[in-house]
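What follows is the content of data_29.cif (mmCIF, C-alpha atoms and all ligand atoms).
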```
data_structure
loop_
_atom_site.label_atom_id
_atom_site.label_comp_id
_atom_site.auth_asym_id
_atom_site.auth_seq_id
_atom_site.Cartn_x
_atom_site.Cartn_y
_atom_site.Cartn_z
CA MET A 279 103.25 144.35 100.40
CA GLY A 280 106.04 141.76 100.54
CA ARG A 281 106.22 138.13 99.66
CA ILE A 282 103.51 135.62 100.61
CA LEU A 283 103.90 131.94 101.40
CA LEU A 284 101.00 129.52 101.01
CA LEU A 285 101.69 126.27 102.82
CA TYR A 286 99.27 123.40 103.19
CA PHE A 287 98.70 119.77 103.99
CA SER A 288 95.93 118.00 102.16
CA GLY A 289 95.00 114.35 102.59
CA VAL A 290 92.63 113.77 99.71
CA GLY A 291 92.63 117.12 97.94
CA ASN A 292 90.11 119.56 99.43
CA THR A 293 92.70 121.71 101.21
CA LYS A 294 94.94 121.58 98.13
CA ARG A 295 92.08 122.78 95.93
CA ILE A 296 91.38 125.70 98.22
CA ALA A 297 95.07 126.62 98.54
CA GLU A 298 95.42 126.56 94.75
CA ASN A 299 92.31 128.67 94.37
CA MET A 300 93.86 131.28 96.71
CA TYR A 301 97.17 131.06 94.88
CA PHE A 302 95.71 131.70 91.43
CA VAL A 303 93.82 134.75 92.64
CA LEU A 304 96.76 136.25 94.51
CA LYS A 305 99.51 135.51 92.01
CA GLN A 306 98.04 138.02 89.59
CA THR A 307 98.97 140.86 91.93
CA TYR A 308 101.41 139.57 94.54
CA GLU A 309 104.63 137.67 94.82
CA ILE A 310 103.47 134.35 96.20
CA ASP A 311 104.82 130.81 96.51
CA ILE A 312 102.74 127.71 97.19
CA TYR A 313 104.00 124.46 98.72
CA SER A 314 102.56 121.30 100.12
CA ILE A 315 104.46 120.42 103.28
CA GLU A 316 105.08 117.03 101.66
CA LYS A 317 107.16 118.61 98.91
CA LEU A 318 109.19 121.37 100.49
CA PRO A 319 112.46 122.15 98.72
CA ALA A 320 115.76 121.65 100.52
CA ASN A 321 116.94 124.74 102.41
CA PHE A 322 113.41 126.08 102.49
CA ASP A 323 113.40 129.37 104.38
CA ILE A 324 110.11 130.65 105.80
CA GLU A 325 111.76 133.78 107.11
CA LYS A 326 112.04 135.30 103.65
CA TYR A 327 108.26 135.71 103.58
CA ASP A 328 106.25 138.61 105.00
CA LYS A 329 102.85 136.95 105.23
CA LEU A 330 101.91 133.31 105.68
CA MET A 331 98.80 131.41 104.71
CA ILE A 332 98.71 127.94 106.23
CA GLY A 333 96.06 125.31 105.58
CA SER A 334 95.28 121.84 106.87
CA SER A 335 92.49 119.33 106.80
CA THR A 336 90.67 118.45 110.02
CA ILE A 337 91.22 114.93 111.28
CA HIS A 338 89.19 114.04 114.35
CA SER A 339 88.87 117.63 115.54
CA GLU A 340 92.54 118.50 115.16
CA PRO A 341 94.82 119.66 112.34
CA ALA A 342 96.12 116.67 110.34
CA LYS A 343 99.07 114.87 111.94
CA PRO A 344 101.62 115.74 109.19
CA MET A 345 100.88 119.44 109.73
CA LYS A 346 101.29 119.10 113.49
CA GLN A 347 104.53 117.17 113.01
CA TYR A 348 105.82 119.76 110.56
CA LEU A 349 105.10 122.63 112.95
CA GLU A 350 106.63 120.76 115.88
CA GLY A 351 109.75 120.02 113.86
CA ILE A 352 110.68 123.52 112.68
CA ASP A 353 112.68 126.11 114.62
CA LYS A 354 110.95 129.09 116.12
CA LEU A 355 111.13 131.99 113.66
CA SER A 356 113.51 134.76 114.67
CA LYS A 357 110.83 137.38 113.85
CA PRO A 358 107.05 137.20 114.10
CA ILE A 359 105.26 136.74 110.78
CA PRO A 360 101.50 137.25 110.47
CA ALA A 361 99.61 134.14 109.39
CA PHE A 362 96.15 133.36 108.04
CA LEU A 363 95.23 129.86 109.19
CA PHE A 364 92.57 127.95 107.32
CA ILE A 365 91.22 124.47 107.71
CA THR A 366 88.84 122.38 105.71
CA CYS A 367 86.37 120.16 107.51
CA GLY A 368 83.60 117.80 106.53
CA LEU A 369 80.98 118.71 109.07
CA TYR A 370 82.19 120.49 112.13
CA SER A 371 85.77 121.34 113.02
CA GLU A 372 85.25 121.95 116.74
CA ASN A 373 88.42 123.42 118.27
CA THR A 374 90.74 122.55 115.38
CA LEU A 375 91.57 126.18 114.61
CA ARG A 376 92.32 126.82 118.24
CA VAL A 377 94.79 123.91 118.36
CA PHE A 378 96.27 124.99 115.00
CA SER A 379 96.70 128.56 116.28
CA ARG A 380 98.59 127.36 119.34
CA TYR A 381 101.01 125.29 117.26
CA CYS A 382 101.71 128.27 114.98
CA LEU A 383 102.02 130.82 117.76
CA ASP A 384 104.68 128.64 119.40
CA LYS A 385 106.78 129.09 116.27
CA ASN A 386 106.27 132.85 115.99
CA MET A 387 103.78 132.48 113.16
CA ILE A 388 101.15 134.85 114.48
CA PRO A 389 97.60 133.70 113.70
CA VAL A 390 96.02 137.06 112.92
CA MET A 391 93.12 135.53 111.03
CA HIS A 392 91.50 132.12 110.65
CA SER A 393 88.74 130.42 108.71
CA ALA A 394 87.14 126.99 108.49
CA TYR A 395 85.76 125.91 105.12
CA ARG A 396 83.27 123.08 104.94
CA CYS A 397 84.09 120.76 102.07
CA SER A 398 83.15 117.24 101.08
CA ALA A 399 83.73 114.87 104.00
CA THR A 400 86.50 112.50 102.93
CA ASP A 401 85.62 110.11 105.75
CA GLY A 402 81.84 110.62 105.64
CA VAL A 403 81.42 109.67 101.98
CA LEU A 404 83.05 106.32 102.71
CA LEU A 405 81.25 105.61 105.96
CA ALA A 406 77.80 106.90 105.03
CA PRO A 407 77.75 107.51 101.26
CA GLY A 408 73.97 107.92 101.35
CA ILE A 409 74.20 111.26 103.17
CA ARG A 410 74.26 113.79 100.34
CA ARG A 411 75.67 116.56 102.43
CA PHE A 412 78.97 114.72 102.77
CA TRP A 413 79.60 114.98 99.04
CA HIS A 414 79.40 118.74 98.69
CA ASP A 415 81.26 121.89 99.67
CA GLU A 416 79.44 124.63 101.55
CA LYS A 417 77.47 127.12 99.46
CA ASN A 418 79.32 130.18 98.18
CA LEU A 419 82.67 128.74 99.23
CA GLU A 420 84.63 130.55 96.52
CA ARG A 421 83.08 133.87 97.44
CA ARG A 422 84.05 133.36 101.09
CA ILE A 423 87.60 132.50 100.12
CA GLN A 424 87.90 135.63 97.97
CA HIS A 425 86.57 137.74 100.80
CA ASP A 426 88.99 136.19 103.31
CA ILE A 427 92.10 136.62 101.23
CA LYS A 428 91.26 140.24 100.47
CA LYS A 429 90.80 140.86 104.19
CA PHE A 430 94.08 139.15 105.06
CA ILE A 431 96.06 141.11 102.46
CA LYS A 432 94.76 144.39 103.88
CA LEU A 433 95.28 143.34 107.50
CA ASN A 434 98.23 145.01 109.09
CA SER A 435 98.37 143.49 112.54
CA LEU A 436 100.50 141.22 114.65
CA GLN A 437 97.84 140.75 117.29
CA PRO A 438 97.11 137.01 117.68
CA GLU A 439 93.49 136.03 117.14
CA ILE A 440 93.01 132.69 118.83
CA PRO A 441 89.51 131.23 118.64
CA HIS A 442 87.86 130.87 122.03
CA TYR A 443 87.34 127.44 123.48
CA LYS A 444 83.87 126.30 122.54
CA TRP A 445 82.14 124.55 125.43
CA TYR A 446 80.05 122.52 123.02
CA GLY A 447 83.32 121.11 121.72
CA ILE A 448 82.80 118.48 124.38
CA LEU A 449 80.10 117.06 122.12
CA ASN A 450 82.88 116.07 119.78
CA PHE A 451 84.49 113.90 122.41
CA PRO A 452 83.20 110.65 120.87
CA ASN A 453 84.71 111.73 117.54
CA LYS A 454 88.11 112.25 119.15
CA TRP A 455 87.82 108.99 121.01
CA LEU A 456 87.01 107.19 117.77
CA GLY A 457 90.04 108.74 116.10
CA LYS A 458 92.34 107.59 118.87
CA HIS A 459 90.99 104.12 119.54
CA MET A 460 89.24 102.80 116.45
CA ARG A 461 90.48 101.98 113.00
CA PHE A 462 88.22 100.85 110.24
CA LYS A 463 89.70 98.15 108.11
CA ILE A 464 90.85 99.10 104.63
CA TYR A 465 89.99 96.30 102.22
CA LEU A 466 91.92 95.55 99.06
CA HIS A 467 89.89 94.03 96.25
CA ASN A 468 92.48 91.94 94.49
CA ARG A 469 90.37 91.39 91.41
CA LYS A 470 90.10 95.12 90.78
CA CYS A 471 93.65 96.11 91.71
CA ILE A 472 95.94 96.56 88.70
CA LYS A 473 99.07 96.87 90.88
CA CYS A 474 99.75 100.36 89.48
CA GLY A 475 101.36 101.43 92.75
CA LYS A 476 99.60 104.83 92.78
CA CYS A 477 98.42 104.33 96.36
CA ILE A 478 101.96 103.49 97.46
CA LYS A 479 103.46 106.53 95.71
CA ASN A 480 100.76 108.90 96.94
CA CYS A 481 100.69 107.94 100.61
CA PRO A 482 101.71 111.03 102.63
CA MET A 483 103.17 108.89 105.39
CA ASN A 484 104.93 106.28 103.20
CA ALA A 485 102.84 103.75 105.06
CA MET A 486 102.27 101.54 101.99
CA ASP A 487 104.48 99.07 100.26
CA LYS A 488 104.27 96.30 97.65
CA THR A 489 103.90 92.73 98.83
CA GLY A 490 105.76 89.91 97.07
CA ASP A 491 102.88 89.42 94.64
CA GLY A 492 102.79 93.12 93.71
CA TYR A 493 99.67 94.12 95.65
CA PRO A 494 99.83 97.04 98.09
CA GLU A 495 99.78 96.56 101.83
CA ILE A 496 99.36 99.20 104.51
CA ASP A 497 101.27 99.52 107.73
CA ARG A 498 98.38 100.77 109.84
CA SER A 499 100.69 101.75 112.68
CA ILE A 500 102.01 104.57 110.43
CA CYS A 501 98.81 105.26 108.48
CA ILE A 502 97.02 108.47 109.53
CA ASN A 503 93.69 107.45 107.97
CA CYS A 504 93.57 110.29 105.47
CA TYR A 505 92.06 107.82 102.94
CA ARG A 506 93.96 109.33 100.02
CA CYS A 507 94.74 105.78 98.85
CA ILE A 508 91.04 104.95 98.63
CA HIS A 509 89.90 108.16 96.97
CA HIS A 510 92.71 108.25 94.42
CA CYS A 511 92.68 104.61 93.40
CA PRO A 512 91.93 104.63 89.65
CA LYS A 513 90.17 101.26 89.86
CA LYS A 514 88.30 101.74 93.16
CA ALA A 515 90.14 98.68 94.41
CA LEU A 516 90.28 99.85 98.02
CA SER A 517 87.35 100.33 100.34
CA LEU A 518 86.80 101.28 103.92
CA PHE A 519 84.86 99.38 106.48
CA SER A 520 82.90 97.29 104.04
CA LYS A 521 83.79 94.42 101.78
CA LYS A 522 81.74 96.07 99.02
CA THR A 523 83.79 98.15 96.60
CA PRO A 524 82.82 101.83 96.64
CA LYS A 525 80.59 102.92 93.75
CA LYS A 526 81.92 106.46 93.89
CA THR A 527 84.87 108.17 95.56
CA LEU A 528 86.10 111.75 95.61
CA HIS A 529 88.51 112.96 92.88
C1 LIG A 601 89.91 110.20 109.44
C2 LIG A 601 89.16 111.49 109.18
C3 LIG A 601 88.69 112.21 110.24
C4 LIG A 601 87.98 113.39 110.02
N1 LIG A 601 87.53 114.11 111.10
C5 LIG A 601 86.80 115.21 110.89
C6 LIG A 601 86.30 115.96 112.01
O1 LIG A 601 86.57 115.66 113.16
N2 LIG A 601 85.52 117.03 111.75
C7 LIG A 601 85.21 117.42 110.48
O2 LIG A 601 84.48 118.36 110.30
N3 LIG A 601 85.72 116.76 109.41
C8 LIG A 601 86.51 115.67 109.58
N4 LIG A 601 86.99 114.98 108.50
C9 LIG A 601 86.70 115.46 107.14
C10 LIG A 601 87.85 116.26 106.56
O3 LIG A 601 88.36 117.19 107.47
C11 LIG A 601 87.40 117.03 105.34
O4 LIG A 601 86.80 116.20 104.42
C12 LIG A 601 88.56 117.79 104.72
O5 LIG A 601 88.07 118.71 103.79
C13 LIG A 601 89.55 116.87 104.06
O6 LIG A 601 90.56 117.67 103.49
P1 LIG A 601 91.67 117.07 102.53
O7 LIG A 601 90.97 116.54 101.32
O8 LIG A 601 92.53 118.24 102.22
O9 LIG A 601 92.35 116.01 103.31
C14 LIG A 601 87.75 113.83 108.69
C15 LIG A 601 88.27 113.11 107.62
C16 LIG A 601 88.97 111.95 107.85
C17 LIG A 601 89.51 111.18 106.68
#
```
Represent the structure of the file as structure tokens.
Ligand SMILES: Cc1cc2nc3c(=O)[nH]c(=O)nc-3n(C[C@H](O)[C@H](O)[C@H](O)COP(=O)(O)O)c2cc1C
Amino acid sequence: MGRILLLYFSGVGNTKRIAENMYFVLKQTYEIDIYSIEKLPANFDIEKYDKLMIGSSTIHSEPAKPMKQYLEGIDKLSKPIPAFLFITCGLYSENTLRVFSRYCLDKNMIPVMHSAYRCSATDGVLLAPGIRRFWHDEKNLERRIQHDIKKFIKLNSLQPEIPHYKWYGILNFPNKWLGKHMRFKIYLHNRKCIKCGKCIKNCPMNAMDKTGDGYPEIDRSICINCYRCIHHCPKKALSLFSKKTPKKTLH
């Protein structure tokens, strides 16, 4: 068994948590590196790995934009490398894994296995905080992860496993439409904001900057709506959709 690479994009932290969980289990036995695609070292070389594990959050029924951009931007690998693709979703990921598989296959990362893990819904808890289901991961998530990584380690195949198109994916059309055409306003509550700049530093797209008076502002044309800024604000000074400050956020 050679070297394993665990690569992920996480908006708020669910995918990161799962990737780290996998890493801590595997590092006891295998040579494994873990990277967020936001912090890849210079001269990073995927080809030195023998197995890949790649994770992304689901944003409007597709892998998150930074993951898609990363995969589009890299050169096709000179040799096929087997990959376990995993996504986290809040409710229902529709054809996300299928889209993800296609992106990877194009780059010679062969999706030999895939899994979707239902986690807290980073959008749902802001839009409908009263729905309890949005706040929790699926039952027995850790056990499923353990089972999946054991299976992937044993798997010795280069046969792509691309999920079939699900006809009922059409039911998710309004969700996709919403993602493309609607943006909920992100409110800044000046009285709560301590101008710590955490939201600016954390933004995966560098879509935030300080205004002249020190408060953050968002360039929504770059923003991918991951809502990391809202969930990670130490003072709950940002809110989505409503002028009321959120009582609770994730993380
Ligand atoms: C803008 C936005 C759109 C989302 N769209 C979907 C979706 O279409 N289907 C789904 O099941 N979850 C969706 N989610 C929920 C996330 O996929 C889920 O909470 C995921 O675990 C977040 O992972 P992260 O914390 O690593 O970013 C969405 C979240 C956001 C912020």
Would you please work out which residue, of A:Ser334, A:Thr489, A:Thr400, A:Ser339, is nearest to A:Trp455 when using all atoms listed in the file?
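That would be A:Ser339, the residue with the smallest distance to A:Trp455.
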For the atom pair atom CA of A:Arg411 and atom CA of A:Trp445, what is the interatomic distance in Å to one decimal place?
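We find that atom CA of A:Arg411 and atom CA of A:Trp445 lie 25.2 Å from each other.
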Excluding same-chain residues fewer than 2 positions from stretch 343-347 of chain A, what lies within 9 Å of it counting all atoms listed in the file, as a ChimeraX atom specification?
/A:286-287,315-316,333-335,337,340-341,349-352,378,381,482-483,502
Interatomic distance (Å, one decimal) between atom CA of A:Met486 and atom CA of A:Arg506
11.6 Å
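Listed by chain and then residue number, the contacts of ligand LIG 601 (chain A) are Ser288, Gly289, Val290, Gly291, Asn292, Thr293, Lys294, Ser335, Thr336, Ile337, His338, Ser339, Thr366, Cys367, Gly368, Leu369, Tyr370, Ser371, Cys397, Ser398, Ala399, Thr400, Asp401, Asn503, Cys504 and Tyr505 of chain A (distance at most 6 Å, using all atoms listed in the file).
Atom CA of A:Tyr493 is found 19.0 Å from atom CA of A:Ser520.
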Near-A:Lys354 list (8 Å; all atoms listed in the file; drop same-chain fewer than 2 positions) as a tab-separated table (two decimals) with C-alpha atoms, keeping the file's coordinate frame:
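See selection.tsv below for the written result:
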```
chain	number	residue	atom	x	y	z
A	352	ILE	CA	110.68	123.52	112.68
A	356	SER	CA	113.51	134.76	114.67
A	384	ASP	CA	104.68	128.64	119.40
A	385	LYS	CA	106.78	129.09	116.27
A	386	ASN	CA	106.27	132.85	115.99
```
Taking into account only C-alpha atoms, which residue in the set A:Gln424, A:Val377, A:Asp353, A:Phe451 is nearest to A:Tyr301?
A:Gln424
Using only C-alpha atoms, which protein or nucleic acid residues come within 9 Å of stretch 469-480 of chain A? Drop anything in the same chain fewer than 5 positions from it, and give the result as a VMD selection string.
chain A and resid 485 to 488 492 to 496 506 to 508 510 to 516
For A:Ile448, which of A:Glu372, A:Asp491, A:Asp426, A:Asp415 is the closest residue, counting only C-alpha atoms?
A:Glu372
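Minimum atom-to-atom distances from A:Leu363, A:Ala406, A:Ile296, A:Ile500 to A:Lys329 were compared using all atoms listed in the file, and the lowest value belongs to A:Leu363.
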Could you name the residues that touch A:Ile423 at 9 Å or less, counting all atoms listed in the file, but leaving out those on the same chain fewer than 2 positions away, as a list in words?
Ile296, Asn299, Met300, Ser393, Tyr395, Asn418, Leu419, Glu420, Arg421, His425, Asp426, Ile427 and Lys428 of chain A
Which residues are near A:Asn434? Cut-off 12 Å, all atoms listed in the file, ignore same chain within fewer than 4 positions. Put them as a list in words.
Met279, Asp328, Lys329, Ile359, Pro360, Ala361, Phe362, Ile388, Val390, Met391, Lys429, Phe430 and Pro438 of chain A
From A:Asn373, A:Arg410, A:Glu416, A:Lys326, residue lying nearest A:Tyr446 [all atoms listed in the file]
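The answer is A:Asn373, which sits nearest to A:Tyr446.
Using all atoms listed in the file, every residue with an atom at most 6 Å from the point (113.8, 133.0, 109.8) is listed here: Ile324, Glu325, Leu355 and Ser356 of chain A.
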Can you spit out the residues from that selection as an mmCIF file, in the coordinates of the input, using C-alpha atoms?
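Printed below is part_13.cif as written:
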```cif
data_model
loop_
_atom_site.group_PDB
_atom_site.id
_atom_site.type_symbol
_atom_site.label_atom_id
_atom_site.label_comp_id
_atom_site.auth_asym_id
_atom_site.auth_seq_id
_atom_site.Cartn_x
_atom_site.Cartn_y
_atom_site.Cartn_z
ATOM 1 C CA ILE A 324 110.110 130.650 105.800
ATOM 2 C CA GLU A 325 111.760 133.780 107.110
ATOM 3 C CA LEU A 355 111.130 131.990 113.660
ATOM 4 C CA SER A 356 113.510 134.760 114.670
#
```
Min atom-atom distance to A:Tyr348 from the set A:Leu285, A:Val303, A:His392, A:Leu330, counting only C-alpha atoms, belongs to A:Leu285
Using all atoms listed in the file and a cutoff of 10 Å, can you tell me which residues are near (103.3, 145.2, 95.6) in the file's coordinates, and write them out as a list in words?
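Residues with an atom close enough to that point: Met279, Gly280, Arg281, Thr307, Tyr308 and Glu309 of chain A.
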